[in-house]
$ cat coords_37.cif   # mmCIF, C-alpha atoms and all ligand atoms
data_entry
#
loop_
_atom_site.label_atom_id
_atom_site.label_comp_id
_atom_site.auth_asym_id
_atom_site.auth_seq_id
_atom_site.Cartn_x
_atom_site.Cartn_y
_atom_site.Cartn_z
CA MET A 6 142.47 112.48 -33.20
CA SER A 7 143.10 115.54 -31.07
CA ASP A 8 146.54 117.03 -30.30
CA ASN A 9 147.90 115.77 -27.00
CA SER A 10 147.35 118.93 -24.99
CA ASN A 11 145.09 119.07 -22.01
CA PRO A 12 144.34 121.85 -19.47
CA HIS A 13 146.36 119.78 -16.89
CA GLY A 14 149.43 119.11 -19.09
CA GLN A 15 150.65 116.92 -21.97
CA THR A 16 148.83 113.62 -22.42
CA THR A 17 150.08 110.27 -23.75
CA GLY A 18 147.34 110.31 -26.34
CA HIS A 19 145.37 107.57 -24.62
CA VAL A 20 141.84 108.63 -23.88
CA TRP A 21 139.30 106.37 -22.26
CA ASP A 22 135.61 106.82 -22.23
CA GLU A 23 135.97 110.05 -24.26
CA THR A 24 137.15 112.19 -21.33
CA LEU A 25 139.65 110.22 -19.24
CA ALA A 26 143.20 111.17 -20.39
CA GLU A 27 146.58 109.85 -19.19
CA LEU A 28 148.98 112.73 -18.48
CA THR A 29 152.77 112.66 -18.88
CA ASN A 30 153.49 115.02 -15.94
CA PRO A 31 156.59 113.96 -13.93
CA PRO A 32 155.85 112.57 -10.44
CA PRO A 33 156.06 115.10 -7.60
CA LYS A 34 159.51 115.94 -6.24
CA TRP A 35 158.91 114.49 -2.78
CA TRP A 36 157.98 111.18 -4.40
CA MET A 37 161.16 111.07 -6.50
CA LEU A 38 163.28 111.88 -3.43
CA GLY A 39 161.61 109.03 -1.58
CA LEU A 40 162.30 106.65 -4.45
CA HIS A 41 166.01 107.50 -4.56
CA ALA A 42 166.34 107.43 -0.80
CA SER A 43 164.88 103.93 -0.71
CA TRP A 44 167.20 102.34 -3.27
CA ILE A 45 170.20 104.01 -1.64
CA LEU A 46 169.06 102.50 1.62
CA VAL A 47 168.75 99.06 0.03
CA VAL A 48 172.30 99.26 -1.30
CA LEU A 49 173.70 100.42 2.04
CA TYR A 50 171.72 97.74 3.86
CA THR A 51 172.99 94.93 1.66
CA LEU A 52 176.56 96.23 2.09
CA TYR A 53 176.25 96.49 5.85
CA TYR A 54 174.48 93.20 6.59
CA PRO A 55 175.07 89.69 5.21
CA SER A 56 173.18 89.61 1.91
CA TRP A 57 174.10 88.52 -1.60
CA PRO A 58 174.56 84.84 -2.38
CA LEU A 59 178.02 84.11 -3.80
CA LEU A 60 179.41 81.01 -5.51
CA ASN A 61 180.71 79.69 -2.22
CA GLY A 62 178.63 81.01 0.65
CA HIS A 63 177.34 84.55 0.78
CA PHE A 64 178.54 88.13 1.15
CA LYS A 65 179.19 88.52 4.90
CA GLY A 66 178.43 92.24 5.11
CA LEU A 67 180.80 95.01 6.18
CA ALA A 68 179.52 95.11 9.77
CA GLY A 69 180.29 91.45 10.52
CA TRP A 70 176.83 91.00 12.03
CA THR A 71 175.35 87.50 12.41
CA SER A 72 172.12 86.46 14.08
CA ILE A 73 173.90 83.74 16.06
CA GLY A 74 176.42 86.36 17.19
CA GLU A 75 173.63 88.58 18.44
CA PHE A 76 172.04 85.60 20.22
CA LYS A 77 175.35 84.74 21.90
CA LYS A 78 175.81 88.33 23.02
CA ASP A 79 172.34 88.37 24.56
CA MET A 80 172.97 85.02 26.23
CA LYS A 81 176.22 86.29 27.68
CA GLU A 82 174.40 89.27 29.16
CA VAL A 83 171.92 86.88 30.79
CA THR A 84 174.68 84.58 32.08
CA ASP A 85 176.60 87.55 33.45
CA ILE A 86 173.56 88.73 35.37
CA ARG A 87 172.88 85.20 36.59
CA ALA A 88 176.52 84.57 37.54
CA LYS A 89 176.24 87.16 40.26
CA TYR A 90 173.79 84.81 41.98
CA GLU A 91 174.75 81.40 40.61
CA ASP A 92 178.34 81.74 41.81
CA LYS A 93 177.15 81.95 45.41
CA LEU A 94 174.82 78.94 45.38
CA PRO A 95 177.28 76.01 45.50
CA GLY A 96 178.59 76.89 48.95
CA MET A 97 175.20 77.57 50.49
CA SER A 98 172.62 75.33 52.10
CA ALA A 99 168.99 75.60 51.01
CA ALA A 100 168.26 77.22 54.39
CA ALA A 101 170.95 79.86 53.82
CA ILE A 102 169.58 80.65 50.35
CA LEU A 103 166.11 81.02 51.84
CA ALA A 104 167.43 83.45 54.46
CA ASP A 105 168.95 85.75 51.81
CA ASP A 106 166.10 87.74 50.27
CA GLU A 107 167.89 88.64 47.06
CA LEU A 108 169.06 85.08 46.37
CA LYS A 109 165.70 83.67 47.38
CA ASN A 110 163.90 85.90 44.88
CA TYR A 111 166.36 84.99 42.16
CA VAL A 112 165.94 81.26 42.82
CA ILE A 113 162.16 81.44 42.89
CA ARG A 114 162.04 83.37 39.63
CA SER A 115 164.53 81.12 37.85
CA SER A 116 163.27 77.69 39.00
CA LYS A 117 159.82 77.62 37.44
CA VAL A 118 161.08 75.68 34.42
CA LEU A 119 163.02 73.24 36.58
CA TYR A 120 159.87 72.56 38.58
CA GLY A 121 157.74 72.34 35.45
CA ASP A 122 160.07 69.84 33.79
CA ASN A 123 160.52 67.52 36.77
CA CYS A 124 157.74 67.92 39.28
CA ALA A 125 154.61 69.33 37.68
CA ALA A 126 153.56 66.03 36.08
CA CYS A 127 152.79 64.60 39.52
CA HIS A 128 152.30 67.62 41.79
CA GLY A 129 150.53 69.93 39.31
CA SER A 130 151.98 73.01 37.60
CA GLY A 131 151.15 75.25 40.53
CA GLY A 132 151.88 72.58 43.17
CA GLY A 133 148.18 72.00 43.78
CA GLY A 134 148.60 68.22 43.74
CA ASN A 135 146.74 65.53 41.83
CA PRO A 136 144.77 62.48 42.95
CA GLY A 137 147.37 60.32 44.72
CA TYR A 138 150.02 63.06 44.65
CA PRO A 139 150.17 65.46 47.57
CA ALA A 140 149.70 69.22 47.22
CA LEU A 141 152.83 71.26 47.84
CA VAL A 142 151.12 74.64 48.14
CA ASP A 143 149.42 74.11 51.49
CA ASP A 144 150.95 73.88 54.94
CA ASP A 145 149.82 70.29 55.44
CA TRP A 146 153.06 68.31 55.21
CA LEU A 147 153.46 64.57 55.40
CA PHE A 148 157.20 64.66 55.95
CA GLY A 149 157.63 68.14 57.36
CA GLY A 150 157.62 71.61 55.83
CA SER A 151 160.93 73.00 57.06
CA ILE A 152 163.36 73.89 54.31
CA ASP A 153 165.74 71.08 55.35
CA LEU A 154 163.02 68.42 55.40
CA ILE A 155 161.70 69.55 52.01
CA ASN A 156 165.25 69.34 50.67
CA THR A 157 165.55 65.79 52.06
CA SER A 158 162.20 64.78 50.55
CA ILE A 159 163.40 65.89 47.11
CA ALA A 160 166.95 64.52 47.32
CA ASN A 161 166.20 61.09 48.80
CA GLY A 162 162.60 60.56 47.75
CA ARG A 163 159.87 59.35 50.12
CA LYS A 164 157.88 56.19 50.48
CA ALA A 165 155.64 56.14 53.53
CA MET A 166 154.36 52.81 54.84
CA MET A 167 151.08 51.93 56.44
CA PRO A 168 150.36 48.22 56.89
CA LYS A 169 146.99 46.91 55.76
CA MET A 170 144.70 46.82 58.78
CA GLY A 171 141.81 44.89 57.21
CA GLY A 172 141.33 41.18 57.79
CA ALA A 173 143.11 39.86 60.89
CA GLN A 174 143.45 43.29 62.56
CA LEU A 175 140.06 44.91 62.00
CA SER A 176 136.59 43.65 61.17
CA THR A 177 134.54 45.47 58.53
CA ALA A 178 132.41 46.99 61.30
CA GLU A 179 135.53 48.31 63.05
CA ILE A 180 136.87 49.76 59.80
CA ASP A 181 133.51 51.51 59.28
CA LYS A 182 133.65 52.95 62.80
CA LEU A 183 137.20 54.26 62.43
CA ALA A 184 136.55 55.59 58.94
CA GLY A 185 133.41 57.43 60.08
CA ALA A 186 135.31 59.04 62.96
CA ILE A 187 138.19 60.10 60.67
CA HIS A 188 135.69 61.53 58.19
CA ASN A 189 134.22 63.62 61.02
CA GLY A 190 137.63 64.67 62.31
CA THR A 191 137.01 63.04 65.70
CA VAL A 192 139.07 59.86 65.49
CA VAL A 193 141.18 60.52 68.62
CA SER A 194 138.09 60.05 70.80
CA GLU A 195 137.28 56.71 69.12
CA PRO A 196 138.55 53.95 71.49
CA LEU A 197 139.64 51.73 68.57
CA TYR A 198 142.15 54.41 67.56
CA ALA A 199 144.39 53.63 70.53
CA ALA A 200 143.35 50.00 70.91
CA LYS A 201 144.28 49.04 67.34
CA GLY A 202 147.59 50.88 67.31
CA CYS A 203 146.74 53.70 64.88
CA ILE A 204 147.98 56.03 67.61
CA GLY A 205 151.50 54.64 67.28
CA CYS A 206 151.94 56.18 63.85
CA HIS A 207 149.31 58.92 63.64
CA GLY A 208 150.09 60.24 67.13
CA PRO A 209 147.99 60.92 70.25
CA ASP A 210 146.62 64.12 68.67
CA GLY A 211 145.93 62.40 65.32
CA LYS A 212 148.05 64.94 63.47
CA GLY A 213 150.55 62.47 62.07
CA MET A 214 154.32 62.34 62.47
CA ALA A 215 156.73 63.87 59.98
CA ALA A 216 159.35 61.19 60.63
CA LEU A 217 156.90 58.53 59.37
CA GLY A 218 155.04 60.62 56.82
CA SER A 219 151.83 59.49 58.46
CA ALA A 220 148.93 61.65 57.38
CA ASN A 221 147.09 64.08 59.61
CA LEU A 222 143.74 62.39 60.32
CA VAL A 223 141.99 65.30 62.03
CA ASP A 224 142.39 68.23 59.59
CA LYS A 225 140.04 66.95 56.88
CA ILE A 226 142.72 67.59 54.28
CA TRP A 227 142.82 64.30 52.44
CA ARG A 228 146.01 62.69 51.29
CA PHE A 229 144.00 60.28 49.18
CA ALA A 230 141.23 62.61 48.14
CA ALA A 231 138.32 61.07 46.28
CA LYS A 232 134.74 61.86 45.29
CA ASP A 233 133.55 59.34 47.85
CA GLN A 234 135.92 60.31 50.64
CA LEU A 235 134.47 57.88 53.17
CA ALA A 236 135.08 54.97 50.79
CA SER A 237 138.64 56.20 50.18
CA ILE A 238 139.35 56.27 53.92
CA LYS A 239 137.98 52.74 54.32
CA ALA A 240 140.15 51.50 51.46
CA THR A 241 143.29 53.05 52.98
CA ILE A 242 142.58 51.44 56.35
CA ALA A 243 141.81 48.05 54.84
CA HIS A 244 144.72 47.86 52.40
CA GLY A 245 147.32 50.23 53.83
CA VAL A 246 149.85 52.26 51.87
CA ASN A 247 152.83 50.64 50.13
CA ASP A 248 152.15 47.37 51.96
CA PRO A 249 154.01 44.77 49.89
CA THR A 250 151.72 41.95 51.13
CA ASP A 251 148.51 43.51 49.80
CA PRO A 252 148.04 43.85 46.02
CA SER A 253 145.24 46.41 46.57
CA THR A 254 147.43 48.63 48.72
CA ARG A 255 147.84 52.28 47.81
CA LYS A 256 151.00 53.09 45.92
CA ALA A 257 152.69 56.29 46.99
CA GLU A 258 156.27 56.92 46.09
CA MET A 259 158.18 60.13 45.64
CA PRO A 260 161.20 59.37 43.45
CA ALA A 261 164.68 60.34 44.68
CA TRP A 262 166.21 63.14 42.64
CA LYS A 263 169.82 63.18 43.81
CA GLU A 264 170.90 60.92 40.95
CA ARG A 265 169.02 62.90 38.31
CA LEU A 266 169.42 66.52 39.42
CA THR A 267 172.45 68.36 40.73
CA ASP A 268 172.78 69.35 44.35
CA ILE A 269 172.19 72.99 43.35
CA GLN A 270 169.05 72.16 41.38
CA ILE A 271 167.66 70.28 44.39
CA LYS A 272 168.38 73.23 46.71
CA LYS A 273 166.68 75.56 44.24
CA LEU A 274 163.62 73.32 44.13
CA ALA A 275 163.50 73.11 47.92
CA VAL A 276 163.44 76.91 48.11
CA TYR A 277 160.88 77.04 45.30
CA VAL A 278 158.56 74.50 46.97
CA HIS A 279 158.98 76.16 50.37
CA ALA A 280 157.89 79.44 48.80
CA LEU A 281 154.85 77.93 47.07
CA GLY A 282 153.02 78.88 50.18
CA GLY A 283 153.29 76.35 52.95
CA GLY A 284 156.95 76.31 53.98
CA GLN A 285 157.63 76.41 57.71
C1 LIG B 1 156.19 60.28 39.88
C2 LIG B 1 155.46 61.26 40.62
C3 LIG B 1 156.26 62.32 41.36
C4 LIG B 1 157.17 63.22 40.84
C5 LIG B 1 157.65 63.35 39.41
C6 LIG B 1 157.57 64.08 41.93
N1 LIG B 1 156.93 63.69 43.07
FE1 LIG B 1 157.09 64.59 44.89
N2 LIG B 1 155.89 63.18 45.70
C7 LIG B 1 155.24 62.18 45.01
C8 LIG B 1 154.47 61.36 45.94
C9 LIG B 1 153.60 60.15 45.57
C10 LIG B 1 154.70 61.90 47.22
C11 LIG B 1 154.14 61.37 48.53
C12 LIG B 1 154.95 60.19 48.98
C13 LIG B 1 154.29 59.42 50.07
O1 LIG B 1 153.10 59.63 50.33
O2 LIG B 1 154.96 58.60 50.71
C14 LIG B 1 155.59 63.05 47.03
C15 LIG B 1 156.03 63.86 48.05
C16 LIG B 1 156.76 65.03 47.88
C17 LIG B 1 157.15 65.93 48.94
C18 LIG B 1 156.79 65.76 50.39
C19 LIG B 1 155.46 66.40 50.63
C20 LIG B 1 155.04 66.39 52.07
O3 LIG B 1 153.83 66.63 52.29
O4 LIG B 1 155.86 66.19 52.96
C21 LIG B 1 157.83 66.96 48.36
C22 LIG B 1 158.43 68.17 49.06
C23 LIG B 1 157.89 66.70 46.95
N3 LIG B 1 157.24 65.51 46.69
C24 LIG B 1 158.51 67.52 46.03
C25 LIG B 1 158.74 67.16 44.70
C26 LIG B 1 159.57 67.91 43.80
C27 LIG B 1 160.27 69.21 44.10
C28 LIG B 1 159.57 67.22 42.62
C29 LIG B 1 160.35 67.54 41.34
C30 LIG B 1 161.77 67.40 41.43
C31 LIG B 1 158.73 66.05 42.79
N4 LIG B 1 158.24 66.05 44.05
C32 LIG B 1 158.47 65.13 41.79
C33 LIG B 1 155.29 61.97 43.65
C34 LIG B 1 156.13 62.63 42.76
C1 LIG B 2 153.00 51.86 60.77
C2 LIG B 2 152.41 53.18 60.81
C3 LIG B 2 150.91 53.31 60.63
C4 LIG B 2 149.91 52.72 61.32
C5 LIG B 2 150.04 51.68 62.46
C6 LIG B 2 148.68 53.26 60.83
N1 LIG B 2 148.92 54.15 59.83
FE1 LIG B 2 147.53 55.16 58.75
N2 LIG B 2 148.98 55.99 57.62
C7 LIG B 2 150.33 55.80 57.84
C8 LIG B 2 151.06 56.57 56.84
C9 LIG B 2 152.56 56.63 56.72
C10 LIG B 2 150.09 57.22 56.02
C11 LIG B 2 150.31 58.17 54.88
C12 LIG B 2 150.85 57.46 53.69
C13 LIG B 2 151.17 58.40 52.55
O1 LIG B 2 150.62 59.49 52.49
O2 LIG B 2 151.97 58.02 51.73
C14 LIG B 2 148.80 56.81 56.54
C15 LIG B 2 147.58 57.23 56.00
C16 LIG B 2 146.36 56.93 56.55
C17 LIG B 2 145.11 57.38 56.00
C18 LIG B 2 144.89 58.26 54.76
C19 LIG B 2 144.50 59.63 55.17
C20 LIG B 2 144.10 60.56 54.04
O3 LIG B 2 144.18 61.78 54.26
O4 LIG B 2 143.71 60.10 52.95
C21 LIG B 2 144.13 56.89 56.83
C22 LIG B 2 142.64 57.09 56.68
C23 LIG B 2 144.78 56.14 57.87
N3 LIG B 2 146.14 56.19 57.66
C24 LIG B 2 144.14 55.53 58.91
C25 LIG B 2 144.75 54.69 59.83
C26 LIG B 2 144.03 53.99 60.86
C27 LIG B 2 142.54 54.08 61.14
C28 LIG B 2 144.96 53.23 61.53
C29 LIG B 2 144.72 52.26 62.66
C30 LIG B 2 143.77 51.21 62.39
C31 LIG B 2 146.24 53.48 60.91
N4 LIG B 2 146.06 54.39 59.91
C32 LIG B 2 147.43 52.92 61.30
C33 LIG B 2 150.93 55.03 58.78
C34 LIG B 2 150.28 54.22 59.68
#

$ encode --input "coords_37.cif" --output "structure tokens"
Amino acid sequence: MSDNSNPHGQTTGHVWDETLAELTNPPPKWWMLGLHASWILVVLYTLYYPSWPLLNGHFKGLAGWTSIGEFKKDMKEVTDIRAKYEDKLPGMSAAAILADDELKNYVIRSSKVLYGDNCAACHGSGGGGNPGYPALVDDDWLFGGSIDLINTSIANGRKAMMPKMGGAQLSTAEIDKLAGAIHNGTVVSEPLYAAKGCIGCHGPDGKGMAALGSANLVDKIWRFAAKDQLASIKATIAHGVNDPTDPSTRKAEMPAWKERLTDIQIKKLAVYVHALGGGQ
């Protein structure tokens, strides 16, 4: 065996593969400083923050920090910022909120979740509508697109009525004629339109009446959109909408929200829906 000296320092005596020796040199100074700094940090950290388990509970830390405390502090900051706006809402109508740019922006930004939780299932997450459920993003309103009418739609719900016109009122040939004219957007010049009383609800211009929620029949925006639109129009004429005497009638009901949501939530949603794009 050799002595333990080596051109690079003292060795431990272990030599591998004839040439590979393990030296006993101390680690560099910077490394030792780092080592000591890190354990000091660990000790300070565990003193400052909650750390060691004790027999009953745990060491609470000298700083008194808790994660729930930090959460509550953050929440209070949020509530304080919100309070500036929220405190004003109770005394204001939806129209007044809409007229105040700052409040309007606040309400729009903060009501996405409210809309998502309560309305998106039927009207789509962006308000684009679903088959049987009207779009809220366009400016084609059944019941009117003013802020007050939107607010009423949400608070009281809506259930438009169109009696079934098939059978005693209209023959199949007449239904086909009316449906074809509606499909082309020209129903007001079809004599049956006035003769069979459609005009009474859909109006002389065919654009519908907000008070009745009767659809616009000349804009080619379909309330009951379907792949075969002509067939859908025929079905609506034959069976009506919410006609209790016809089991094949279309069902269309907007639930009332005044029992389920607060007055303020409803106002917020009215402003939100109005701002989706089509409010008047
Ligand atoms: C269960 C399905 C459903 C849900 C949930 C629902 N709606 Fe409706 N909504 C409807 C239907 C159906 C109509 C159309 C009623 C009709 O044709 O008579 C409607 C109509 C409306 C209208 C009138 C649209 C127009 O063209 O005049 C507004 C505004 C509206 N909904 C907003 C909302 C808001 C805001 C929410 C959430 C609080 C909501 N809806 C939740 C089904 C729903
Ligand atoms: C008592 C009022 C009333 C009368 C009369 C009436 N309608 Fe309607 N109609 C409505 C209402 C209300 C709606 C919309 C229902 C809804 O969206 O919930 C509607 C919807 C429609 C639709 C669906 C449009 C779409 O976009 O999908 C068609 C088509 C239609 N009516 C055709 C007619 C024709 C044709 C006549 C005459 C033969 C007629 N209606 C008579 C009230 C009426």

$ residues_near_ligand --input "coords_37.cif" --ligand "ligand LIG 1 (chain B)" --cutoff "7 Å" --atoms "only C-alpha atoms and all ligand atoms" --output "ChimeraX atom specification"
/A:120,123-128,137-139,141,145-150,155,158-159,163-165,218,257-260,262,274-275,278

$ write_last_selection --input "coords_37.cif" --atoms "C-alpha atoms" --output "short mmCIF file (atom, residue, chain, number, x, y, z; two decimals), in the frame of the given file"
data_model
loop_
_atom_site.label_atom_id
_atom_site.label_comp_id
_atom_site.auth_asym_id
_atom_site.auth_seq_id
_atom_site.Cartn_x
_atom_site.Cartn_y
_atom_site.Cartn_z
CA TYR A 120 159.87 72.56 38.58
CA ASN A 123 160.52 67.52 36.77
CA CYS A 124 157.74 67.92 39.28
CA ALA A 125 154.61 69.33 37.68
CA ALA A 126 153.56 66.03 36.08
CA CYS A 127 152.79 64.60 39.52
CA HIS A 128 152.30 67.62 41.79
CA GLY A 137 147.37 60.32 44.72
CA TYR A 138 150.02 63.06 44.65
CA PRO A 139 150.17 65.46 47.57
CA LEU A 141 152.83 71.26 47.84
CA ASP A 145 149.82 70.29 55.44
CA TRP A 146 153.06 68.31 55.21
CA LEU A 147 153.46 64.57 55.40
CA PHE A 148 157.20 64.66 55.95
CA GLY A 149 157.63 68.14 57.36
CA GLY A 150 157.62 71.61 55.83
CA ILE A 155 161.70 69.55 52.01
CA SER A 158 162.20 64.78 50.55
CA ILE A 159 163.40 65.89 47.11
CA ARG A 163 159.87 59.35 50.12
CA LYS A 164 157.88 56.19 50.48
CA ALA A 165 155.64 56.14 53.53
CA GLY A 218 155.04 60.62 56.82
CA ALA A 257 152.69 56.29 46.99
CA GLU A 258 156.27 56.92 46.09
CA MET A 259 158.18 60.13 45.64
CA PRO A 260 161.20 59.37 43.45
CA TRP A 262 166.21 63.14 42.64
CA LEU A 274 163.62 73.32 44.13
CA ALA A 275 163.50 73.11 47.92
CA VAL A 278 158.56 74.50 46.97
#

$ closest_residue --input "coords_37.cif" --among "A:Ala178, A:Tyr198, A:Met170, A:Arg228" --to "Ala243 (chain A)" --atoms "all atoms listed in the file"
A:Met170

$ closest_residue --input "coords_37.cif" --among "A:Ser194, A:Gln234, A:Ser56, A:Asn110" --to "Ala68 (chain A)" --atoms "only C-alpha atoms"
A:Ser56

$ residues_near_ligand --input "coords_37.cif" --ligand "ligand LIG 2 (chain B)" --cutoff "7 Å" --atoms "all atoms listed in the file" --output "ChimeraX atom specification"
/A:147,164-168,170,183-184,187,198,201-203,205-207,217-222,226-230,237-239,241-242,245-246,257

$ residues_around --input "coords_37.cif" --residues "Lys65 (chain A)" --least-positions-apart "2" --cutoff "9 Å" --atoms "all atoms listed in the file" --output "list in words"
Leu52, Tyr53, Tyr54, Pro55, Ser56, Trp57, Gly62, His63, Leu67, Ala68, Gly69, Trp70 and Thr71 of chain A

$ atom_distance --input "coords_37.cif" --atom1 "CA of Met37 (chain A)" --atom2 "CA of Gln15 (chain A)"
19.6 Å

$ residues_around --input "coords_37.cif" --residues "Asn156 (chain A)" --least-positions-apart "3" --cutoff "7 Å" --atoms "only C-alpha atoms" --output "JSON, numbers by chain"
{"A": [152, 153, 159, 160, 271, 272, 275]}
